[in-house]
Amino acid sequence: MRSFARSVVLSRRLLAVRWPRTKNYKIYHVKIPYLLSIATWLPTIGAALVLTLFRKDQAGAVKKFATAWFALVFVVSLLLLSYDRAGGGMQFIEDAQWIPLIGTRYQLGADGVSVLLILLTTLLGFIGALSSWTAIEKRLKEYYVLLLLLQTAVVGVFASMDLFLFYVFFEVSLVPMYFLIGIWGGENRLYAAIKFFLYTLVGSVLMLLGVLKMYFLTQDATLVSQISAATLDAVGGAGNTAARLMLGDAAAAAGSGAGTFNIMYMQALGSVLPMGTMQVLLFSAFALAFAIKVPVFPFHTWLPDAHVEAPTAGSVILAGVLLKLGTYGFFRVALPMFPRAVSDEHYFGAFGVRNVMVGLALVSIIYGALAAMYFVVKRDGDVKKLVAYSSVSSMGVVMLGLFALNANGLTGAVLHMINHGIYSAALFLLVGIIYERRHTRSIAEFGGLSHVMPVYATVFLLMMLTAIGLPLLCVFISEFLAMRGAFEANPWWAAVAALGMILNAGYMLWLYQRMFFGELDNPQNARLKDLSNRERADMMPLVLLTLWIGVYPAPFIKYIVQPVGVVVRQLNAVHTMPGVKEFYSAGEH
Amino acid sequence: MLLAQTSSAASSELPVWSDLLLLAPELILAVCACAALVVEVVLPLRRSRLVARFALASVVLAAASLLVLLWQTNNTLLPLTGFYGMVRIDGFALFLKFIFLIAAALAILISMRYADIEEEQHGEYYALLLFATIGMMLLACGYDLIALYVSLELMAVTFYVLVGFTKRERRANEAAMKYFLLGAFSSGVLLYGMSLLYGVAGSTNLGDIAQSVAASLTVQTDVTGAAAATLIPLRPLLLPGMIALAAGLFFKVSAVPFHLWAPDVYEGAPTPVTAFLSTGSKIASFALFVRIFAEALGGMRVDWTPLLGLVAAITFFVGNLAAVTQSNAKRLLAFSSISNAGYLLLGLVAGNSYGYTGLLVYALVYTLMNMGAFGVLIALRRGGIKGDRVDDLAGLAQKAPGVAAMMAIFMLSLGGLPLTGGFIGKYFLFGGLLQRGASENRAWYYWLAGWAIINTVVSFYYYVRFLRQMYLSEGCDDDQPLAFPFTLRTALTVATIGIVLLGVYPQPFIALAQTVVAPLVTMLH
């Protein structure tokens, strides 16, 4: 590592390039400068290489090169684990001039949540690339270029510390996904692709108005002057010099009337933003964008279509990462920036904004589970659709945890984002594997598969049990935390959510029974091959992670505790909730 | 008159700002255009492509002289007034003139290939393009109703001819006729509005009009009575004048409900002319819009913003909705240009630094992306394929990946995806509305912005259809290669680079735009 760092320094001297001004900031545990930029842009470089180095007909070389590149990106992103968990706050901070007249800067930074999500993204990118070796037959070069570009966009969202940049990545991520669904998708791909594109676009364009308005609010001198130093300390982390310096710059820009897009500063601004129609509208603008992405009922209808039509790797990225853009948005933007709207209980007369969101989350949980159930009950249900609806249900749990607005709920929600990324990606891979062999996903076509594909059946069992939330598997931890948070906020919420989990167990077990147990009654299934070595290699990391997080989640939770604390502090300033005090006495250092 | 005198007094202190020098770019173009007309007659061989190159060179020369003008005046001497107040060169005018020259250059570049295929390679075509450009440039700097009207007619009459230039084509003839009849009518309405304005102000100079309009309105609202008694209340006269002017201009920029000519004319006209008409002519009309409404009628802002806001809201809705069902690419782009007129109107509605900056930046980007899109349509024209249906783009990504990628950038930019210039333009337009809403504390600006941005989603639906045809459709049914000559390639490359540059690093463009609109903004407050 040191040699790499040295070579970077060396090349810097040789080229005399003017690098962004990171050196002004004291950076904690970073061994490599510009690590986040590297993690973000490395896939794009890979895409450019694929585009220029290979001819159209070199399919074999392209897929090997691209997969190797994904592996490289993953290894590089592993360096993000050097995140100082005790120090917390935003680290790996980068700050460079971009478009001063708009007020936007190229600002990157990551806290524990971002780090975990970036790692999830790069891991799933590699797995998706590996899984596509045989599944994708046409236009391989374009396929891997788009996959790499998508990776840049998604990592960029998780790494952005500037709301404008965040928005740019958020919206640009639509384009590669549109092509992935539209070119390599199933029969109905054209419809699914445009539906995905327009649906998610509706939300994000309204978010643009929210972004603009937030920026104009940072130019408001009277509002800005109310932000206390304590708030800035809380948001940036009192001991985190780099983040405080960035925040100081942002505060100076805001104070001078130029305005800033810095997310941390906007979070601080959120603590003084008065409650009222403006705040509720702003929250709605952001919440709609994120809710469509999550997706929360009733904005979920694009998801089953997109999933069913997308190629396997597309589904893996979609479920594993793209949905997290929505929940991450809630965690990073909507909750801390609009604490008053989020914790509001009275805006719509008898109930408030928070109740609306929790209500939608609960409906998502139940509705997603019921819809998934329908596809088992239906004779020729589509397995992929089932997994897609179970995602809706699962993301409902994340939303419930987030809007529990307490430490347990938020921690559970964030961990559940990771866990859902692991198990739903695995399930989509498994469905993809069987689809590749049989070219059907209808449940009725299968039965007794455990006789011919024992390894496949075992992995499927493990992932299915994970989805149900069996103890010692990862989802149990996160669901438990999210439910506990919900229970602390309102026991009834937890009760309704628990109903969803029962349904969840019902359809998953039923599905497993119908697909894997019983007689092998379909002769077409008699000669199915079990997992190949490549497929085993593909599943292995996910299986290991499931077990690891399930048995010993502490290392992961340590990444989450501190960032969650920041959000809870933001919320707690305007809204007292149970469970906060204990959390602080335990987590303070 | 007063303004003209003070300005000329100021200009007398300067070195040699002869009035002719102020209009050097236009004069160069005029001389070259006349020469281009003669060249083909005089030269024994009918070398029309030579005329095209000559026209291109003259545009470059005009741009160079414009640069010299810009460099000499250095923005500190601006605005400069000439021809007894008929012409006023300010930063706003110079910025727009650059846009027109870019549009003209691109139009000439994409015309060369088109004229070859159509076998309509005539020298006077390029001369007409130059004359139209002169009209546009004079519209940008005219400061007198007469001068403005004459420039407008110069541009319009030239376009009546250009639209019907492929005279063997029936659709082109129909389009020209339609455009002429409706255009003449709208000019009449515009002229009527101007006459009312003259009746109120007693002058055709925009500065004088602005003063009298402001004065007449303030006197009218004055309740002390003494002053009001001597003056006739002029508001009843001003309002119909304003509405007539707005109606005439709505026609010129093809805003709803005066947009009906646009689809037919755009579809029937030769493709390069459509490209030039939808960019240069429209933006020139917007220059006139800004001159008359923001400058002359600046005092009546309260009266005309709701009107413009309403028309804008309807315009991009109707334009987008109609575009969704089109299968002809030119017609689709016509409706898209209608909806874009609506977005550009938002700049005027906002009327602040963000709004006008957005207007200028978006005008620039819009020129590039529309020229590019029509350029691609011209490239598609091969053998028996006309290339003006959306379906004709099927499988283009396999056949010509470069062209397809460029077309994709044009389309995504038209929709307003981040990292393209279209996004930056819209960003400023919407931002302007939000700022105006906050400063005036009126909710309808916010709703208008929300409505506008929802409409961009609708527009994405049909822009993405091009992407779908190019990338998602499997194949195209013919094996004929695309003819893609150097001129066309240059035009498309320039447009693409411009759009990406404006999207990724717009700082210098924004800086320039903000500087040139600053006087416009301060004047209003």
# chains A, B, ... in the order shown; residues from 1 in each chain; ligands from 1
>>> closest_atom_pairs(of="chain A", to="chain B", cutoff="9 Å", atoms="only C-alpha atoms", output="JSON lines")
{"residue": "A:Trp98", "atom": "CA", "partner": "B:Tyr505", "partner_atom": "CA", "distance": 7.4}
{"residue": "A:Ile99", "atom": "CA", "partner": "B:Gln507", "partner_atom": "CA", "distance": 5.4}
{"residue": "A:Pro100", "atom": "CA", "partner": "B:Gln507", "partner_atom": "CA", "distance": 7.1}
{"residue": "A:Leu101", "atom": "CA", "partner": "B:Gln507", "partner_atom": "CA", "distance": 6.5}
{"residue": "A:Ile102", "atom": "CA", "partner": "B:Gln507", "partner_atom": "CA", "distance": 8.2}
{"residue": "A:Tyr167", "atom": "CA", "partner": "B:Pro418", "partner_atom": "CA", "distance": 8.3}
{"residue": "A:Val168", "atom": "CA", "partner": "B:Pro418", "partner_atom": "CA", "distance": 5.5}
{"residue": "A:Phe169", "atom": "CA", "partner": "B:Pro418", "partner_atom": "CA", "distance": 8.3}
{"residue": "A:Glu171", "atom": "CA", "partner": "B:Pro418", "partner_atom": "CA", "distance": 7.0}
{"residue": "A:Val172", "atom": "CA", "partner": "B:Pro418", "partner_atom": "CA", "distance": 6.6}
{"residue": "A:Phe179", "atom": "CA", "partner": "B:Leu472", "partner_atom": "CA", "distance": 7.5}
{"residue": "A:Gly182", "atom": "CA", "partner": "B:Leu472", "partner_atom": "CA", "distance": 6.0}
{"residue": "A:Ile183", "atom": "CA", "partner": "B:Leu472", "partner_atom": "CA", "distance": 5.1}
{"residue": "A:Trp184", "atom": "CA", "partner": "B:Leu472", "partner_atom": "CA", "distance": 8.8}
{"residue": "A:Leu190", "atom": "CA", "partner": "B:Leu472", "partner_atom": "CA", "distance": 7.7}
{"residue": "A:Ile194", "atom": "CA", "partner": "B:Tyr461", "partner_atom": "CA", "distance": 7.5}
{"residue": "A:Phe197", "atom": "CA", "partner": "B:Tyr461", "partner_atom": "CA", "distance": 8.8}
{"residue": "A:Leu198", "atom": "CA", "partner": "B:Val457", "partner_atom": "CA", "distance": 6.4}
{"residue": "A:Tyr199", "atom": "CA", "partner": "B:Val457", "partner_atom": "CA", "distance": 8.8}
{"residue": "A:Leu201", "atom": "CA", "partner": "B:Val457", "partner_atom": "CA", "distance": 6.5}
{"residue": "A:Val202", "atom": "CA", "partner": "B:Val457", "partner_atom": "CA", "distance": 6.1}
{"residue": "A:Val205", "atom": "CA", "partner": "B:Ile453", "partner_atom": "CA", "distance": 6.2}
{"residue": "A:Leu206", "atom": "CA", "partner": "B:Ile453", "partner_atom": "CA", "distance": 6.8}
{"residue": "A:Leu208", "atom": "CA", "partner": "B:Tyr427", "partner_atom": "CA", "distance": 8.3}
{"residue": "A:Leu209", "atom": "CA", "partner": "B:Gly450", "partner_atom": "CA", "distance": 7.4}
{"residue": "A:Leu212", "atom": "CA", "partner": "B:Gly431", "partner_atom": "CA", "distance": 6.2}
{"residue": "A:Lys213", "atom": "CA", "partner": "B:Leu434", "partner_atom": "CA", "distance": 6.9}
{"residue": "A:Phe216", "atom": "CA", "partner": "B:Gln435", "partner_atom": "CA", "distance": 7.5}
>>> residues_around(residues="Gly142 of chain B", least_positions_apart="2", cutoff="7 Å", atoms="only C-alpha atoms", output="list of chain:residue names")
B:Met86, B:Val87, B:Arg88, B:Leu138, B:Leu139, B:Ala140, B:Asp144, B:Ala147, B:Leu148
>>> residues_around(residues="segment 469-484 of chain A", least_positions_apart="3", cutoff="7 Å", atoms="only C-alpha atoms", output="VMD selection string")
chain A and resid 401 408 to 413 415 to 416 419 465 to 466 487 to 488 494 546 to 547 549 to 551
>>> atom_distance(atom1="atom CA of Tyr265 of chain A", atom2="atom CA of Gly352 of chain A")
26.2 Å
>>> closest_residue(among="B:Ser281, B:Gln72, B:Thr305, B:Thr490", to="Val349 of chain B", atoms="only C-alpha atoms")
B:Thr305
>>> residues_around(residues="Phe98 of chain B", least_positions_apart="5", cutoff="12 Å", atoms="only C-alpha atoms", output="ChimeraX atom specification")
/B:25-26,59-60,62-67,69-70,91-93,103-105,133-134,136-137,140,280,283-284,360-361,363-364,367,513
>>> residues_around(residues="segment 30-43 of chain A", least_positions_apart="2", cutoff="7 Å", atoms="only C-alpha atoms", output="list in words")
Ala5, Ile27, Tyr28, Ile45, Gly46, Ala47, Val73, Val76, Ser77, Ser82, Phe92, Glu94, Leu108, Leu148, Leu149, Gln151, Thr152, Val155, Gly156 and Ala159 of chain A
>>> closest_residue(among="A:Leu232, A:Leu405, A:Val211, A:Val356", to="Gly565 of chain A", atoms="only C-alpha atoms")
A:Leu405
>>> residues_around(residues="Ala495 of chain B", least_positions_apart="6", cutoff="9 Å", atoms="only C-alpha atoms", output="ChimeraX atom specification")
/B:106,365,367-372,406,410
>>> residues_around(residues="Gly109 of chain A", least_positions_apart="2", cutoff="12 Å", atoms="only C-alpha atoms", output="VMD selection string")
chain A and resid 22 27 30 34 to 37 39 to 40 80 83 88 to 95 106 to 107 111 to 115 118 155 to 163 165 to 166 236 242 to 243 246 to 247 262 to 264
>>> atom_distance(atom1="atom CA of Pro311 of chain A", atom2="atom CA of Ile434 of chain A")
12.9 Å
>>> atom_distance(atom1="atom CA of Phe297 of chain A", atom2="atom CA of Val392 of chain A")
7.9 Å
